[in-house]
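Enquirer: Quick one: this structure, given as structure tokens, is what I'll be asking you about.
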Amino acid sequence: MQDTVLPADLRFFSVLAMAGSLSAAARELGLTTAAVSKHLAQMESRAGVPLVNRTTRRMTLTPEGELYLEHARRILDEIDELSELLGSSKRRPEGLLRVNATLGFGRSHVAPVISKFVSEYPQVSVQLQLSVMPPPLTDDSFDVCIRFGEPPDTRVVARRLAANARLLCAAPGYLMKRGTPVTPHDLARHNCVGIRQGDEAYGVWRLSTGTGAAHKTETVKIRGNLTTNDGEIAVKWALDGHGILMRAEWDIRPYLDDGRLVQVLPGWQTPNADIFAVYSQRHQMSNRIRSFVDFIARELADISSRG
């Protein structure tokens with residue numbers, strides 16, 4: 001009886017699905033596009049069902065392909081973890097590590113950390129994907145996701161890497177022209193730079209002050225003539241004097257330190273954006289993932305202490 005699935009098919013199909021096209025998978029695997037197409041056709045012949053829908057522009061998985069991918073990734077992860085567990089105390093981490101992070105923080109902080117990590121652990125291959133929207137917590141495409149805010153999901157492990165407050169700020173020139181807000185409701189009279197990211201409510205800022213019985217929260221509907229889904233662009237607009245911005249401290253600290261931005265309403269707190277490494281519970285024993293999370297935690301702590 002012919003085998004429906006061969007071991008070599010699992011990694012091949014995982015790479016193919018991640019690449020998104022036959023040509024991209026061919027580059028990733030160091031093969032020709034024709035060879036990738038032939039391998040896929042042989043897999044589908046053995047499986048007896050189509051695994052991929054092909055068009056001239058894109059490639060999507062069939063329902064059977066989605067099922068194949070889900071099981072392939074789980075089997076590959078278990079093989080890697082078993083290999084690590086059998087010699088974790090003797091061997092340095094190795095294998096493929098798939099990391100996801102947001103665009104701005106990923107470029108500025110995660111990518112440099114990965115550069116140092118692979119220098120120390122050259123047997124680990126890292127694939128970094130940056131995205132505006134974080135992938136769903138149930139998405140198994142990544143081993144580690146670097147996210148802002150603790151995810152409310154007990155199915156994943158969320159390790160806090162660093163504190164990260166959101167601050168209100170503006171360029172000194174803007175405040176000289178428009179005045180400095182004294183209360184949260186003063187923000188309604190100002191031009192505010194809007195950022196559309198994630199699932200957060202757009203155009204509404206919540207600020208709180210005091211503790212205990214004296215604690216209170218103000219909700220402000222902001223307005224402004226500039227909006228983007230890219231945090232780096234929003235910071236540049238604020239630096240150009242276009243308005244007041246709410247942004248994570250990690251992204252604006254250099255500009256606050258050199259005076260190009262000034263904190264607004266420093267007595268009021270906004271929802272924090274602490275930085276977390278998020279990964280599946282079944283990955284928490286992986287030497288490769290544990291080593292990376294420990295490494296990035298140390299690096300961010302070092303950066304924070306210098307700041």
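Going through the structure tokens in order, the chains are called A, B, and so on, while each chain numbers its residues from 1 and the ligands are numbered from 1 in the order shown.
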Excluding same-chain residues fewer than 2 positions from Leu245 in chain A, what lies within 9 Å of it counting only C-alpha atoms, as a short mmCIF file (atom, residue, chain, number, x, y, z; two decimals) with N, CA, C and O atoms, in the first residue's frame?
Expert:
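Writing done, so here's selection32.cif:
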data_model
loop_
_atom_site.label_atom_id
_atom_site.label_comp_id
_atom_site.auth_asym_id
_atom_site.auth_seq_id
_atom_site.Cartn_x
_atom_site.Cartn_y
_atom_site.Cartn_z
N LEU A 167 2.49 57.33 26.26
CA LEU A 167 2.59 58.72 26.69
C LEU A 167 1.97 59.63 25.65
O LEU A 167 1.97 59.32 24.45
N LEU A 168 1.45 60.76 26.10
CA LEU A 168 1.00 61.81 25.19
C LEU A 168 2.16 62.77 24.98
O LEU A 168 2.86 63.14 25.93
N CYS A 169 2.37 63.20 23.74
CA CYS A 169 3.50 64.07 23.45
C CYS A 169 3.20 64.95 22.25
O CYS A 169 2.28 64.67 21.47
N ALA A 170 3.99 66.00 22.11
CA ALA A 170 3.87 66.90 20.96
C ALA A 170 5.17 67.66 20.80
O ALA A 170 5.98 67.75 21.73
N CYS A 192 -5.04 66.05 16.95
CA CYS A 192 -4.40 64.84 17.48
C CYS A 192 -4.10 63.88 16.33
O CYS A 192 -4.94 63.68 15.44
N VAL A 193 -2.91 63.34 16.34
CA VAL A 193 -2.49 62.39 15.31
C VAL A 193 -3.06 61.02 15.64
O VAL A 193 -2.78 60.46 16.71
N GLY A 194 -3.87 60.47 14.74
CA GLY A 194 -4.54 59.19 15.00
C GLY A 194 -3.79 58.00 14.45
O GLY A 194 -3.16 58.08 13.40
N ILE A 195 -3.84 56.91 15.18
CA ILE A 195 -3.22 55.66 14.74
C ILE A 195 -4.27 54.56 14.79
O ILE A 195 -4.89 54.32 15.83
N ALA A 234 3.40 58.20 12.28
CA ALA A 234 2.71 59.06 13.24
C ALA A 234 3.72 59.86 14.07
O ALA A 234 3.52 61.05 14.34
N VAL A 235 4.80 59.22 14.48
CA VAL A 235 5.83 59.92 15.26
C VAL A 235 6.46 61.03 14.41
O VAL A 235 6.69 62.14 14.91
N TRP A 237 5.10 62.70 12.01
CA TRP A 237 4.14 63.80 11.90
C TRP A 237 4.14 64.65 13.17
O TRP A 237 4.06 65.88 13.11
N ALA A 238 4.22 63.97 14.32
CA ALA A 238 4.28 64.73 15.57
C ALA A 238 5.56 65.56 15.64
O ALA A 238 5.54 66.72 16.07
N GLY A 243 0.62 67.88 15.60
CA GLY A 243 -0.37 67.67 16.65
C GLY A 243 0.14 66.82 17.79
O GLY A 243 1.33 66.55 17.92
N ARG A 247 1.72 57.59 22.08
CA ARG A 247 2.61 56.56 21.54
C ARG A 247 3.37 55.89 22.67
O ARG A 247 3.63 56.49 23.72
#
Enquirer: I need the residues in range 15-62 of chain A that are strand (DSSP E) according to DSSP; give them as a list in words.
Expert: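 In range 15-62 of chain A, DSSP puts these residues in strand (DSSP E): Val52, Asn53, Arg54, Met59, Thr60 and Leu61 of chain A.
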Enquirer: Report as a list in words all protein, DNA and RNA residues lying within 7 Å of range 140-148 of chain A, evaluated on only C-alpha atoms, omitting residues in the same chain fewer than 6 positions from it.
Expert: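 Counting only the stated atoms, we get Leu97, Arg98, Val99, Asn100, Ala101, Ala273, Asp274, Ile275, Phe276, Ala277, Val278 and Tyr279 of chain A.
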Enquirer: Excluding Ile244 in chain A and its own-chain neighbours fewer than 3 positions away, which residues fall within 12 Å of it when counting only C-alpha atoms? Please give them as a PyMOL selection string.
Expert: chain A and resi 167-175+178-181+184+186-195+205+222-227+234-241+247+261-265
Enquirer: With a distance cut-off of 8 Å and only C-alpha atoms, select the neighbouring residues of range 37-48 of chain A, excluding the residue or stretch itself and same-chain residues fewer than 2 positions from it, and output the selection as a list in words.
Expert: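 The contact residues come out as Gln2, Asp3, Thr4, Val5, Asp9, Phe13, Leu22, Thr33, Ala34, Ala35, Pro50 and Leu51 of chain A.
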Enquirer: For all heavy atoms, I'd like the residues from the last selection saved as a PDB file, in the first residue's frame.
Expert:
ATOM      1  N   GLN A   2       0.569   2.204  -0.859  1.00  0.00           N
ATOM      2  CA  GLN A   2       1.371   3.412  -0.972  1.00  0.00           C
ATOM      3  C   GLN A   2       1.122   4.333   0.219  1.00  0.00           C
ATOM      4  O   GLN A   2      -0.018   4.513   0.666  1.00  0.00           O
ATOM      5  CB  GLN A   2       1.010   4.150  -2.270  1.00  0.00           C
ATOM      6  CG  GLN A   2       1.871   5.378  -2.520  1.00  0.00           C
ATOM      7  CD  GLN A   2       1.447   6.098  -3.771  1.00  0.00           C
ATOM      8  OE1 GLN A   2       0.268   6.134  -4.108  1.00  0.00           O
ATOM      9  NE2 GLN A   2       2.412   6.669  -4.464  1.00  0.00           N
ATOM     10  N   ASP A   3       2.197   4.911   0.762  1.00  0.00           N
ATOM     11  CA  ASP A   3       2.052   5.836   1.870  1.00  0.00           C
ATOM     12  C   ASP A   3       1.343   7.102   1.398  1.00  0.00           C
ATOM     13  O   ASP A   3       1.659   7.668   0.345  1.00  0.00           O
ATOM     14  CB  ASP A   3       3.426   6.214   2.438  1.00  0.00           C
ATOM     15  CG  ASP A   3       4.074   5.054   3.175  1.00  0.00           C
ATOM     16  OD1 ASP A   3       3.323   4.195   3.672  1.00  0.00           O
ATOM     17  OD2 ASP A   3       5.316   5.010   3.240  1.00  0.00           O
ATOM     18  N   THR A   4       0.389   7.569   2.210  1.00  0.00           N
ATOM     19  CA  THR A   4      -0.318   8.814   1.880  1.00  0.00           C
ATOM     20  C   THR A   4       0.543  10.022   2.175  1.00  0.00           C
ATOM     21  O   THR A   4       0.518  11.016   1.446  1.00  0.00           O
ATOM     22  CB  THR A   4      -1.630   8.896   2.685  1.00  0.00           C
ATOM     23  OG1 THR A   4      -2.427   7.749   2.387  1.00  0.00           O
ATOM     24  CG2 THR A   4      -2.408  10.152   2.328  1.00  0.00           C
ATOM     25  N   VAL A   5       1.329   9.954   3.260  1.00  0.00           N
ATOM     26  CA  VAL A   5       2.173  11.074   3.683  1.00  0.00           C
ATOM     27  C   VAL A   5       3.587  10.561   3.915  1.00  0.00           C
ATOM     28  O   VAL A   5       3.785   9.557   4.607  1.00  0.00           O
ATOM     29  CB  VAL A   5       1.645  11.715   4.978  1.00  0.00           C
ATOM     30  CG1 VAL A   5       2.564  12.848   5.412  1.00  0.00           C
ATOM     31  CG2 VAL A   5       0.221  12.234   4.789  1.00  0.00           C
ATOM     32  N   ASP A   9       7.559  15.278   3.194  1.00  0.00           N
ATOM     33  CA  ASP A   9       6.481  16.156   2.738  1.00  0.00           C
ATOM     34  C   ASP A   9       6.110  17.202   3.784  1.00  0.00           C
ATOM     35  O   ASP A   9       5.626  18.286   3.438  1.00  0.00           O
ATOM     36  CB  ASP A   9       5.226  15.330   2.410  1.00  0.00           C
ATOM     37  CG  ASP A   9       5.420  14.414   1.215  1.00  0.00           C
ATOM     38  OD1 ASP A   9       6.377  14.636   0.449  1.00  0.00           O
ATOM     39  OD2 ASP A   9       4.608  13.482   1.060  1.00  0.00           O
ATOM     40  N   PHE A  13       5.770  21.104   2.829  1.00  0.00           N
ATOM     41  CA  PHE A  13       4.461  21.757   2.769  1.00  0.00           C
ATOM     42  C   PHE A  13       4.373  22.927   3.741  1.00  0.00           C
ATOM     43  O   PHE A  13       3.732  23.936   3.450  1.00  0.00           O
ATOM     44  CB  PHE A  13       3.348  20.748   3.062  1.00  0.00           C
ATOM     45  CG  PHE A  13       1.987  21.228   2.631  1.00  0.00           C
ATOM     46  CD1 PHE A  13       1.680  21.334   1.277  1.00  0.00           C
ATOM     47  CD2 PHE A  13       1.033  21.576   3.559  1.00  0.00           C
ATOM     48  CE1 PHE A  13       0.427  21.786   0.863  1.00  0.00           C
ATOM     49  CE2 PHE A  13      -0.216  22.025   3.160  1.00  0.00           C
ATOM     50  CZ  PHE A  13      -0.524  22.128   1.807  1.00  0.00           C
ATOM     51  N   LEU A  22       4.486  29.250  -5.222  1.00  0.00           N
ATOM     52  CA  LEU A  22       5.450  28.238  -5.630  1.00  0.00           C
ATOM     53  C   LEU A  22       6.827  28.849  -5.856  1.00  0.00           C
ATOM     54  O   LEU A  22       7.845  28.271  -5.461  1.00  0.00           O
ATOM     55  CB  LEU A  22       4.969  27.553  -6.915  1.00  0.00           C
ATOM     56  CG  LEU A  22       3.650  26.764  -6.842  1.00  0.00           C
ATOM     57  CD1 LEU A  22       3.324  26.161  -8.199  1.00  0.00           C
ATOM     58  CD2 LEU A  22       3.723  25.664  -5.793  1.00  0.00           C
ATOM     59  N   THR A  33      11.173  26.329  -9.522  1.00  0.00           N
ATOM     60  CA  THR A  33       9.716  26.358  -9.372  1.00  0.00           C
ATOM     61  C   THR A  33       9.104  25.076  -9.918  1.00  0.00           C
ATOM     62  O   THR A  33       8.138  24.541  -9.363  1.00  0.00           O
ATOM     63  CB  THR A  33       9.128  27.577 -10.098  1.00  0.00           C
ATOM     64  OG1 THR A  33       9.723  28.770  -9.574  1.00  0.00           O
ATOM     65  CG2 THR A  33       7.618  27.657  -9.908  1.00  0.00           C
ATOM     66  N   ALA A  34       9.674  24.568 -10.993  1.00  0.00           N
ATOM     67  CA  ALA A  34       9.172  23.317 -11.578  1.00  0.00           C
ATOM     68  C   ALA A  34       9.317  22.154 -10.605  1.00  0.00           C
ATOM     69  O   ALA A  34       8.430  21.292 -10.491  1.00  0.00           O
ATOM     70  CB  ALA A  34       9.917  23.019 -12.877  1.00  0.00           C
ATOM     71  N   ALA A  35      10.436  22.115  -9.879  1.00  0.00           N
ATOM     72  CA  ALA A  35      10.655  21.030  -8.910  1.00  0.00           C
ATOM     73  C   ALA A  35       9.656  21.129  -7.760  1.00  0.00           C
ATOM     74  O   ALA A  35       9.148  20.106  -7.277  1.00  0.00           O
ATOM     75  CB  ALA A  35      12.084  21.088  -8.380  1.00  0.00           C
ATOM     76  N   PRO A  50      -6.792  17.483  -3.700  1.00  0.00           N
ATOM     77  CA  PRO A  50      -5.991  18.695  -3.920  1.00  0.00           C
ATOM     78  C   PRO A  50      -5.699  19.388  -2.592  1.00  0.00           C
ATOM     79  O   PRO A  50      -6.568  19.476  -1.721  1.00  0.00           O
ATOM     80  CB  PRO A  50      -6.878  19.556  -4.817  1.00  0.00           C
ATOM     81  CG  PRO A  50      -8.272  19.077  -4.562  1.00  0.00           C
ATOM     82  CD  PRO A  50      -8.159  17.621  -4.243  1.00  0.00           C
ATOM     83  N   LEU A  51      -4.467  19.840  -2.428  1.00  0.00           N
ATOM     84  CA  LEU A  51      -4.062  20.528  -1.200  1.00  0.00           C
ATOM     85  C   LEU A  51      -3.957  22.037  -1.395  1.00  0.00           C
ATOM     86  O   LEU A  51      -3.990  22.792  -0.418  1.00  0.00           O
ATOM     87  CB  LEU A  51      -2.715  19.981  -0.710  1.00  0.00           C
ATOM     88  CG  LEU A  51      -2.667  18.488  -0.413  1.00  0.00           C
ATOM     89  CD1 LEU A  51      -1.240  18.052  -0.072  1.00  0.00           C
ATOM     90  CD2 LEU A  51      -3.618  18.124   0.719  1.00  0.00           C
TER      91      LEU A  51
END
Enquirer: Considering only C-alpha atoms, return as a PyMOL selection string whatever protein or nucleic-acid residues lie within 7 Å of Trp268 in chain A, sequence-local ones (same chain, fewer than 4 positions apart) excluded.
Expert: chain A and resi 207-209
Enquirer: Run DSSP on the backbone of this structure and report the residues of range 189-259 of chain A it assigns to helix (DSSP H, G or I), as JSON, numbers by chain.
Expert: {"A": [189, 212, 213, 214, 231, 232, 233, 234, 235, 236, 237, 238, 239, 249, 250, 251, 252, 253, 254, 255, 256, 257]}
Enquirer: Would you work out the distance separating CA of Gly231 in chain A from CA of Asp251 in chain A, expressed in Å to one decimal?
Expert: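 These two atoms are separated by 8.4 Å.
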Enquirer: List the neighbours of range 288-299 of chain A out to 8 Å using only C-alpha atoms; skip same-chain residues closer than 2 positions along the sequence, and give me the result as a list in words.
Expert: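 So the residues in contact are Glu84, Pro93, Glu94, Gly95, Leu97, Val110, Val113, Phe117, Val124, Asp143, Val144, Leu161, Ala162, Ala277, His283, Gln284, Met285, Ser286, Ala301, Asp302 and Ile303 of chain A.
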